[in-house]
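Colleague: Pasting a structure here, questions to come.
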Amino acid sequence: MIEGFEFPGPDHRELIRTYLAQLPAKLTLIESLWTRVQASPADRTALSQLHLQVHRVAGSAAPHGLPTLGQSARLMDRALASLAKHREAPTEESLAGLVPLLMDLRRALRQAS
């Protein structure tokens, strides 16, 4: 049993199925926003939206029984939060530092869905 996680009863299983069915779309959105950030690092809206989507996954994965996905998303969420604090656009180096985190998040999303 996962510590702090209560396995769902019949009423919650449908919610979990729905959540799992939404993961491919979440991955597509995160990938699209990542592409926008890479193409235009100064686009603060794209960076903010990417951060928001990753943050949502970080907060919702574990309660749905996906702690690995939650951990991957939390790590990327923290890195994006750090970038968001700066007024200037992220550097190529800081974006490159996100690549391994994004790869882990992709893998976790694909495994969960």
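Going by the structure tokens order, chains are called A, B, ..., each with residues numbered from 1, while ligands are numbered from 1 in the order shown.
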Could the residues of region 19-49 of chain A that have an atom at most 9 Å from region 100-108 of chain A be listed as a Markdown table, each with its closest atom pair and the distance in Å to one decimal, counting only C-alpha atoms and ordered by chain and ascending residue number?

Modeller:
```
| residue | atom | partner | partner_atom | distance |
| --- | --- | --- | --- | --- |
| A:Leu27 | CA | A:Arg106 | CA | 6.9 |
| A:Glu31 | CA | A:Arg106 | CA | 8.7 |
| A:Trp34 | CA | A:Leu102 | CA | 8.8 |
```

Colleague: Write the residues of the preceding selection, restricted to C-alpha atoms, as a short mmCIF file (atom, residue, chain, number, x, y, z; two decimals), in the first residue's frame.

Modeller:
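So the final result, stored in selection.cif, reads:
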```cif
data_model
loop_
_atom_site.label_atom_id
_atom_site.label_comp_id
_atom_site.auth_asym_id
_atom_site.auth_seq_id
_atom_site.Cartn_x
_atom_site.Cartn_y
_atom_site.Cartn_z
CA LEU A 27 1.20 15.54 -22.26
CA GLU A 31 4.80 19.42 -25.14
CA TRP A 34 7.51 23.52 -24.12
#
```

Colleague: Please list as a ChimeraX atom specification every residue within 10 Å of Leu66 (chain A), counting only C-alpha atoms and excluding residues in the same chain fewer than 3 positions away.

Modeller: /A:2,5,20,58,60-63,69-71,108-109,111-112

Colleague: May I ask which of the residues A:Ala84, A:Leu47, A:Glu14, A:Met76 is the closest one to Val99 (chain A), counting only C-alpha atoms?

Modeller: A:Met76

Colleague: Figure out the distance between CA of Thr45 (chain A) and CA of Ser113 (chain A), please, to one decimal in Å.

Modeller: 27.6 Å

Colleague: Pick from A:Pro24, A:His55, A:Arg74, A:Leu50: nearest to Gln38 (chain A), with only C-alpha atoms counted?

Modeller: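 Answer, going by the shortest atom-to-atom distance: A:Leu50.
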
Colleague: For Val37 (chain A), which residue out of A:Leu80, A:Ser72, A:Leu23, A:His64 is the nearest one, using only C-alpha atoms?

Modeller: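 Smallest distance to Val37 (chain A) is found for A:Leu80.
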
Colleague: What residues in chain A get the DSSP label alpha helix (DSSP H)? Please answer as a ChimeraX atom specification.

Modeller: /A:10-39,44-60,67-85,92-112

Colleague: Between CA of Leu33 (chain A) and CA of Ala46 (chain A), measure the distance and give it in Å to one decimal.

Modeller: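 Atom-to-atom, CA of Leu33 (chain A) to CA of Ala46 (chain A), that is 5.9 Å.
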